[in-house]
>>> print(open('final.txt').read())   # compact mmCIF, C-alpha atoms and all ligand atoms
# COMPACT_ATOMS: atom_id res chain seq x y z
CA MET A 1 -7.03 16.89 28.13
CA ASN A 2 -5.32 14.44 30.41
CA ASN A 3 -1.91 12.88 30.71
CA LEU A 4 -2.95 9.28 30.25
CA PRO A 5 -0.88 7.47 27.62
CA GLU A 6 -4.08 6.87 25.66
CA SER A 7 -4.42 10.58 24.83
CA GLY A 8 -0.97 10.52 23.22
CA LYS A 9 -1.92 7.45 21.24
CA THR A 10 -5.05 9.06 19.83
CA ALA A 11 -3.23 12.14 18.55
CA LEU A 12 -0.42 10.04 17.09
CA ARG A 13 -2.88 7.72 15.32
CA GLN A 14 -4.59 10.70 13.68
CA GLN A 15 -1.28 12.25 12.55
CA VAL A 16 0.15 9.05 11.12
CA LEU A 17 -3.08 8.01 9.41
CA ALA A 18 -3.34 11.46 7.79
CA ALA A 19 0.24 11.14 6.49
CA ARG A 20 -0.42 7.61 5.22
CA ASP A 21 -3.66 8.69 3.53
CA ARG A 22 -1.72 11.36 1.62
CA LEU A 23 0.65 8.86 -0.06
CA GLY A 24 0.15 8.61 -3.79
CA ALA A 25 -0.31 5.47 -5.85
CA ASP A 26 3.30 5.51 -7.08
CA ALA A 27 4.74 5.74 -3.56
CA ARG A 28 2.53 2.84 -2.50
CA ARG A 29 3.54 0.62 -5.39
CA GLN A 30 7.20 1.46 -4.88
CA ALA A 31 6.97 0.64 -1.18
CA VAL A 32 5.47 -2.79 -1.88
CA SER A 33 8.18 -3.50 -4.45
CA ARG A 34 10.87 -2.67 -1.88
CA ILE A 35 9.30 -4.31 1.15
CA LEU A 36 7.89 -7.58 -0.19
CA PRO A 37 11.23 -9.07 -1.36
CA GLN A 38 12.77 -8.40 2.06
CA LEU A 39 9.78 -9.88 3.85
CA VAL A 40 9.77 -13.15 1.93
CA ALA A 41 13.58 -13.45 2.13
CA LEU A 42 13.52 -13.56 5.95
CA PRO A 43 14.72 -16.92 7.30
CA ALA A 44 11.82 -16.75 9.76
CA TYR A 45 9.40 -16.59 6.83
CA ARG A 46 11.24 -19.16 4.70
CA GLY A 47 11.25 -21.66 7.54
CA ALA A 48 7.64 -21.07 8.54
CA ARG A 49 5.09 -23.78 7.89
CA THR A 50 2.06 -21.76 9.01
CA VAL A 51 1.84 -18.04 8.29
CA ALA A 52 -0.77 -15.61 9.61
CA ALA A 53 -1.36 -12.53 7.45
CA TYR A 54 -4.11 -9.92 7.28
CA MET A 55 -6.08 -8.20 4.55
CA GLY A 56 -4.85 -4.63 4.09
CA PHE A 57 -7.36 -2.01 5.19
CA GLY A 58 -7.78 1.61 4.12
CA SER A 59 -4.44 3.18 3.17
CA GLU A 60 -2.42 0.25 4.60
CA ILE A 61 0.23 -1.41 2.48
CA ASP A 62 -1.37 -3.82 0.04
CA THR A 63 -0.84 -7.28 1.56
CA GLY A 64 -2.31 -9.07 -1.47
CA PRO A 65 1.08 -9.88 -3.05
CA PHE A 66 2.34 -11.31 0.26
CA ILE A 67 -0.78 -13.48 0.66
CA GLU A 68 -0.32 -14.78 -2.90
CA THR A 69 3.30 -15.61 -2.12
CA VAL A 70 2.37 -17.54 1.03
CA LEU A 71 -0.05 -19.63 -1.02
CA SER A 72 2.37 -20.20 -3.89
CA ASP A 73 5.09 -21.18 -1.37
CA ALA A 74 2.67 -23.95 -0.28
CA LYS A 75 2.62 -22.74 3.32
CA VAL A 76 -0.50 -22.92 5.46
CA LEU A 77 -2.14 -19.46 5.23
CA VAL A 78 -4.32 -18.24 8.06
CA LEU A 79 -6.26 -14.99 8.23
CA PRO A 80 -8.02 -13.36 11.19
CA ARG A 81 -11.75 -13.13 11.70
CA VAL A 82 -13.22 -10.50 14.03
CA ASP A 83 -15.39 -11.69 16.89
CA ALA A 84 -16.77 -8.31 17.92
CA ALA A 85 -18.79 -9.69 20.86
CA ARG A 86 -15.66 -11.20 22.45
CA ARG A 87 -13.44 -8.37 21.12
CA ALA A 88 -11.15 -11.12 19.89
CA LEU A 89 -9.65 -12.39 16.65
CA SER A 90 -9.87 -16.02 15.62
CA LEU A 91 -7.45 -17.40 13.04
CA HIS A 92 -8.71 -19.61 10.21
CA GLN A 93 -7.02 -21.54 7.43
CA VAL A 94 -7.56 -20.14 3.96
CA ALA A 95 -6.97 -22.00 0.68
CA ALA A 96 -6.39 -20.31 -2.68
CA ARG A 97 -9.87 -21.22 -3.96
CA ASP A 98 -11.68 -19.91 -0.86
CA ARG A 99 -13.88 -16.83 -1.13
CA LEU A 100 -13.50 -14.54 1.86
CA VAL A 101 -16.63 -12.98 3.35
CA ALA A 102 -17.27 -9.35 4.35
CA GLY A 103 -16.50 -8.68 8.01
CA PRO A 104 -16.90 -5.59 10.19
CA TRP A 105 -15.32 -2.39 8.77
CA GLY A 106 -15.57 -3.99 5.30
CA ILE A 107 -12.43 -6.10 5.82
CA ARG A 108 -12.76 -9.44 4.06
CA GLU A 109 -12.26 -12.39 6.37
CA PRO A 110 -12.59 -16.19 6.57
CA ALA A 111 -16.03 -17.66 7.33
CA ALA A 112 -16.64 -18.80 10.91
CA ASP A 113 -16.73 -22.50 10.04
CA TRP A 114 -13.36 -22.63 8.25
CA PRO A 115 -10.68 -24.67 10.09
CA GLU A 116 -9.44 -22.69 13.07
CA ALA A 117 -5.75 -22.43 13.93
CA ARG A 118 -4.38 -21.96 17.44
CA MET A 119 -1.74 -19.31 18.17
CA ASP A 120 0.78 -22.07 18.98
CA GLU A 121 0.50 -23.36 15.40
CA ILE A 122 1.57 -20.01 13.91
CA ASP A 123 5.27 -19.80 13.00
CA PHE A 124 5.21 -16.35 11.43
CA ILE A 125 2.66 -13.58 11.90
CA LEU A 126 2.36 -10.40 9.89
CA VAL A 127 1.13 -7.78 12.36
CA PRO A 128 -0.77 -4.70 11.17
CA GLY A 129 -0.42 -1.34 12.86
CA VAL A 130 -0.79 2.40 12.58
CA ALA A 131 2.47 3.69 14.12
CA PHE A 132 5.74 2.01 15.06
CA ASP A 133 9.00 3.01 16.70
CA ARG A 134 12.48 1.56 16.48
CA ARG A 135 12.15 -0.25 19.79
CA GLY A 136 9.54 -2.61 18.36
CA GLN A 137 6.56 -0.85 19.90
CA ARG A 138 3.38 -0.46 17.87
CA ILE A 139 -0.01 1.11 18.12
CA GLY A 140 -3.04 -0.11 16.21
CA TYR A 141 -6.41 1.43 15.48
CA GLY A 142 -7.29 1.58 19.17
CA ALA A 143 -9.29 -1.56 19.85
CA GLY A 144 -6.38 -3.67 21.08
CA TYR A 145 -7.24 -6.73 18.96
CA TYR A 146 -3.63 -7.57 18.14
CA ASP A 147 -2.46 -6.91 21.71
CA ARG A 148 -4.91 -9.56 22.89
CA LEU A 149 -3.97 -11.96 20.09
CA LEU A 150 -0.21 -11.55 20.59
CA ALA A 151 -0.53 -11.90 24.36
CA GLY A 152 -1.00 -15.61 23.56
CA ARG A 153 2.03 -15.87 21.30
CA GLN A 154 4.52 -18.70 21.69
CA PRO A 155 8.27 -18.03 21.76
CA HIS A 156 8.73 -19.65 18.32
CA THR A 157 6.28 -17.28 16.62
CA ASP A 158 7.98 -14.44 14.72
CA CYS A 159 5.97 -11.21 14.78
CA VAL A 160 6.81 -8.96 11.84
CA ALA A 161 5.24 -5.71 10.66
CA ILE A 162 5.49 -3.92 7.34
CA ALA A 163 4.76 -0.21 7.09
CA PHE A 164 5.49 2.93 5.14
CA ASP A 165 8.33 5.13 6.45
CA CYS A 166 5.76 7.77 7.39
CA GLN A 167 4.39 5.37 10.03
CA VAL A 168 7.68 5.24 11.96
CA VAL A 169 7.93 7.73 14.82
CA ALA A 170 10.59 8.49 17.44
CA ARG A 171 8.61 7.01 20.28
CA VAL A 172 5.25 5.31 20.44
CA PRO A 173 3.40 5.87 23.76
CA THR A 174 2.89 2.51 25.40
CA GLU A 175 0.83 0.90 28.10
CA PRO A 176 1.62 -2.37 29.90
CA HIS A 177 -0.72 -4.45 27.69
CA ASP A 178 0.96 -3.33 24.45
CA GLN A 179 2.75 -6.16 22.65
CA ARG A 180 6.02 -5.58 20.82
CA ILE A 181 6.96 -6.90 17.42
CA ASP A 182 10.20 -8.69 16.51
CA ARG A 183 10.90 -6.91 13.24
CA LEU A 184 9.79 -3.89 11.22
CA ILE A 185 10.33 -3.53 7.49
CA THR A 186 9.70 -0.27 5.61
CA GLU A 187 10.98 1.19 2.34
CA THR A 188 14.25 2.10 4.13
CA LEU A 189 14.35 0.01 7.36
CA ASN A 190 14.69 -3.67 8.14
CA ASP A 191 15.08 -3.60 11.95
CA GLU A 192 15.15 -6.57 14.26
CA PHE A 193 14.23 -5.98 17.91
CA PHE A 194 15.42 -8.09 20.81
CA SER A 195 13.46 -8.34 24.03
N1 LIG A 201 -4.33 -8.52 26.78
C1 LIG A 201 -5.35 -7.68 26.98
N2 LIG A 201 -6.33 -7.99 27.85
C2 LIG A 201 -7.36 -7.15 28.04
N3 LIG A 201 -7.51 -5.97 27.44
C3 LIG A 201 -6.58 -5.60 26.56
C4 LIG A 201 -5.45 -6.44 26.28
N4 LIG A 201 -4.70 -5.83 25.36
C5 LIG A 201 -5.33 -4.66 25.07
N5 LIG A 201 -6.44 -4.52 25.79
C6 LIG A 201 -7.38 -3.36 25.77
O1 LIG A 201 -7.60 -2.93 24.43
C7 LIG A 201 -7.84 -1.51 24.46
C8 LIG A 201 -7.16 -0.82 23.31
O2 LIG A 201 -5.75 -1.02 23.40
P1 LIG A 201 -4.72 -0.01 22.67
O3 LIG A 201 -3.36 -0.56 22.96
O4 LIG A 201 -5.01 1.39 23.06
O5 LIG A 201 -5.12 -0.17 21.15
P2 LIG A 201 -4.23 -0.50 19.89
O6 LIG A 201 -3.18 -1.50 20.28
O7 LIG A 201 -5.23 -1.03 18.89
O8 LIG A 201 -3.62 0.79 19.46
C9 LIG A 201 -7.37 -0.99 25.80
O9 LIG A 201 -8.50 -0.56 26.51
C10 LIG A 201 -6.74 -2.18 26.46
O10 LIG A 201 -6.97 -2.21 27.85
MG MG A 202 -1.93 -1.45 21.83
>>> encode(input="final.txt", output="structure tokens")
Amino acid sequence: MNNLPESGKTALRQQVLAARDRLGADARRQAVSRILPQLVALPAYRGARTVAAYMGFGSEIDTGPFIETVLSDAKVLVLPRVDAARRALSLHQVAARDRLVAGPWGIREPAADWPEARMDEIDFILVPGVAFDRRGQRIGYGAGYYDRLLAGRQPHTDCVAIAFDCQVVARVPTEPHDQRIDRLITETLNDEFFS
């Protein structure tokens, strides 16, 4: 045992993931039906031309309905692709007819040769995460991919996360590289954070 912040993150990840894994199908469906309307009603989303989303993984909230909405709203949809060698995400444009390919951890992703988008082109980014607090802090799965991606964010990019209530904790342990989000929506919360 040590007192590094990382040890607190690891325990918290395990706890929150276990709670999220226990949610039943009804709770999941109900959460999506409460969260999605609030997400797509945000002025930041409505005004966005280019939207970055992600494919839900494991027991994460199903992002499929959001991705469909982005496409039917005729916005530019981009999804991340994992570059494991560089430990980085690249963002690529995705059209409705495109077939995603299997990436690491079984997450479907754009192919490497699809048009790449720069962070400064993204108006709205849906940020995944394992645990969140009500100061806008998040922790992910422990590889820091979104911290590195969001380190290059522009001031005009809105960073929003959706999560189940069971993923919200009193205080997420943080380190200096951790990037905050601007808003968190759950079944019962719709919090905006100011830096
Ligand atoms: N901007 C960055 N530049 C370099 N390394 C980074 C950056 N952001 C995060 N990392 C590294 O990623 C690793 C995992 O970060 P951590 O915050 O623990 O994971 P997560 O955000 O996925 O929960 C850490 O070792 C951290 O140093
Ligand atoms: Mg982090």
>>> closest_atom_pairs(input="final.txt", of="chain A", to="ligand MG 202 (chain A)", cutoff="12 Å", atoms="only C-alpha atoms and all ligand atoms", output="Markdown table")
| residue | atom | partner | partner_atom | distance |
| --- | --- | --- | --- | --- |
| A:Pro5 | CA | A:MG202 | MG | 10.7 |
| A:Glu6 | CA | A:MG202 | MG | 9.4 |
| A:Lys9 | CA | A:MG202 | MG | 8.9 |
| A:Thr10 | CA | A:MG202 | MG | 11.1 |
| A:Arg13 | CA | A:MG202 | MG | 11.3 |
| A:Val127 | CA | A:MG202 | MG | 11.8 |
| A:Pro128 | CA | A:MG202 | MG | 11.2 |
| A:Gly129 | CA | A:MG202 | MG | 9.1 |
| A:Val130 | CA | A:MG202 | MG | 10.1 |
| A:Ala131 | CA | A:MG202 | MG | 10.3 |
| A:Phe132 | CA | A:MG202 | MG | 10.8 |
| A:Gln137 | CA | A:MG202 | MG | 8.7 |
| A:Arg138 | CA | A:MG202 | MG | 6.7 |
| A:Ile139 | CA | A:MG202 | MG | 4.9 |
| A:Gly140 | CA | A:MG202 | MG | 5.9 |
| A:Tyr141 | CA | A:MG202 | MG | 8.3 |
| A:Gly142 | CA | A:MG202 | MG | 6.7 |
| A:Ala143 | CA | A:MG202 | MG | 7.6 |
| A:Gly144 | CA | A:MG202 | MG | 5.0 |
| A:Tyr145 | CA | A:MG202 | MG | 8.0 |
| A:Tyr146 | CA | A:MG202 | MG | 7.3 |
| A:Asp147 | CA | A:MG202 | MG | 5.5 |
| A:Arg148 | CA | A:MG202 | MG | 8.7 |
| A:Leu149 | CA | A:MG202 | MG | 10.8 |
| A:Leu150 | CA | A:MG202 | MG | 10.3 |
| A:Ala151 | CA | A:MG202 | MG | 10.8 |
| A:Val172 | CA | A:MG202 | MG | 10.0 |
| A:Pro173 | CA | A:MG202 | MG | 9.3 |
| A:Thr174 | CA | A:MG202 | MG | 7.2 |
| A:Glu175 | CA | A:MG202 | MG | 7.2 |
| A:Pro176 | CA | A:MG202 | MG | 8.9 |
| A:His177 | CA | A:MG202 | MG | 6.7 |
| A:Asp178 | CA | A:MG202 | MG | 4.3 |
| A:Gln179 | CA | A:MG202 | MG | 6.7 |
| A:Arg180 | CA | A:MG202 | MG | 9.0 |
| A:Ile181 | CA | A:MG202 | MG | 11.3 |
>>> atom_distance(input="final.txt", atom1="atom O8 of ligand LIG 201 (chain A)", atom2="atom CA of A:Pro104")
17.4 Å
>>> atom_distance(input="final.txt", atom1="atom CA of A:Asp62", atom2="atom CA of A:Ala19")
16.4 Å
>>> residues_around(input="final.txt", residues="stretch 27-36 of chain A", least_positions_apart="3", cutoff="12 Å", atoms="all atoms listed in the file", output="ChimeraX atom specification")
/A:20-24,39-42,45,59-70,126,160-166,184-190
>>> closest_residue(input="final.txt", among="A:Ala48, A:Phe193, A:Lys75, A:Arg87", to="ligand LIG 201 (chain A)", atoms="all atoms listed in the file")
A:Arg87
>>> atom_distance(input="final.txt", atom1="atom CA of A:Arg97", atom2="atom CA of A:Leu71")
10.4 Å
>>> closest_residue(input="final.txt", among="A:Asp113, A:Ser195, A:Ala88, A:Gly103", to="A:Gly152", atoms="all atoms listed in the file")
A:Ala88
>>> closest_residue(input="final.txt", among="A:Gly56, A:Arg153, A:Trp114, A:Arg183", to="ligand LIG 201 (chain A)", atoms="all atoms listed in the file")
A:Arg153
>>> closest_residue(input="final.txt", among="A:Leu89, A:Ile125, A:Ala52, A:Ala44", to="ligand LIG 201 (chain A)", atoms="all atoms listed in the file")
A:Leu89
>>> residues_near_point(input="final.txt", point="(-11.1, -7.8, 2.2)", cutoff="9 Å", atoms="all atoms listed in the file", output="list in words")
Tyr54, Met55, Gly56, Phe57, Leu100, Val101, Ala102, Gly103, Gly106, Ile107, Arg108 and Glu109 of chain A
>>> residues_around(input="final.txt", residues="A:Pro43", least_positions_apart="5", cutoff="12 Å", atoms="all atoms listed in the file", output="list of chain:residue names")
A:Gln38, A:Ala48, A:Arg49, A:Asp123, A:Phe124, A:Asp158
>>> residues_around(input="final.txt", residues="A:Asp98", least_positions_apart="5", cutoff="10 Å", atoms="all atoms listed in the file", output="MDAnalysis selection string")
chainID A and resid 93 110:111 114
>>> decode(input="final.txt", residues="stretch 45-62 of chain A", atoms="C-alpha atoms", output="short mmCIF file (atom, residue, chain, number, x, y, z; two decimals), in the first residue's frame")
data_model
loop_
_atom_site.label_atom_id
_atom_site.label_comp_id
_atom_site.auth_asym_id
_atom_site.auth_seq_id
_atom_site.Cartn_x
_atom_site.Cartn_y
_atom_site.Cartn_z
CA TYR A 45 -24.95 20.30 -28.46
CA ARG A 46 -27.59 22.05 -30.57
CA GLY A 47 -25.09 24.64 -31.74
CA ALA A 48 -22.31 22.15 -32.43
CA ARG A 49 -21.31 21.44 -36.00
CA THR A 50 -18.84 18.67 -35.20
CA VAL A 51 -19.52 16.22 -32.37
CA ALA A 52 -17.12 13.62 -30.98
CA ALA A 53 -18.77 10.61 -29.34
CA TYR A 54 -17.55 7.16 -28.33
CA MET A 55 -18.85 3.63 -28.60
CA GLY A 56 -20.10 2.42 -25.22
CA PHE A 57 -17.96 -0.31 -23.69
CA GLY A 58 -18.82 -3.00 -21.15
CA SER A 59 -21.52 -1.82 -18.74
CA GLU A 60 -21.27 1.82 -19.90
CA ILE A 61 -24.40 3.69 -20.89
CA ASP A 62 -25.43 2.73 -24.41
#
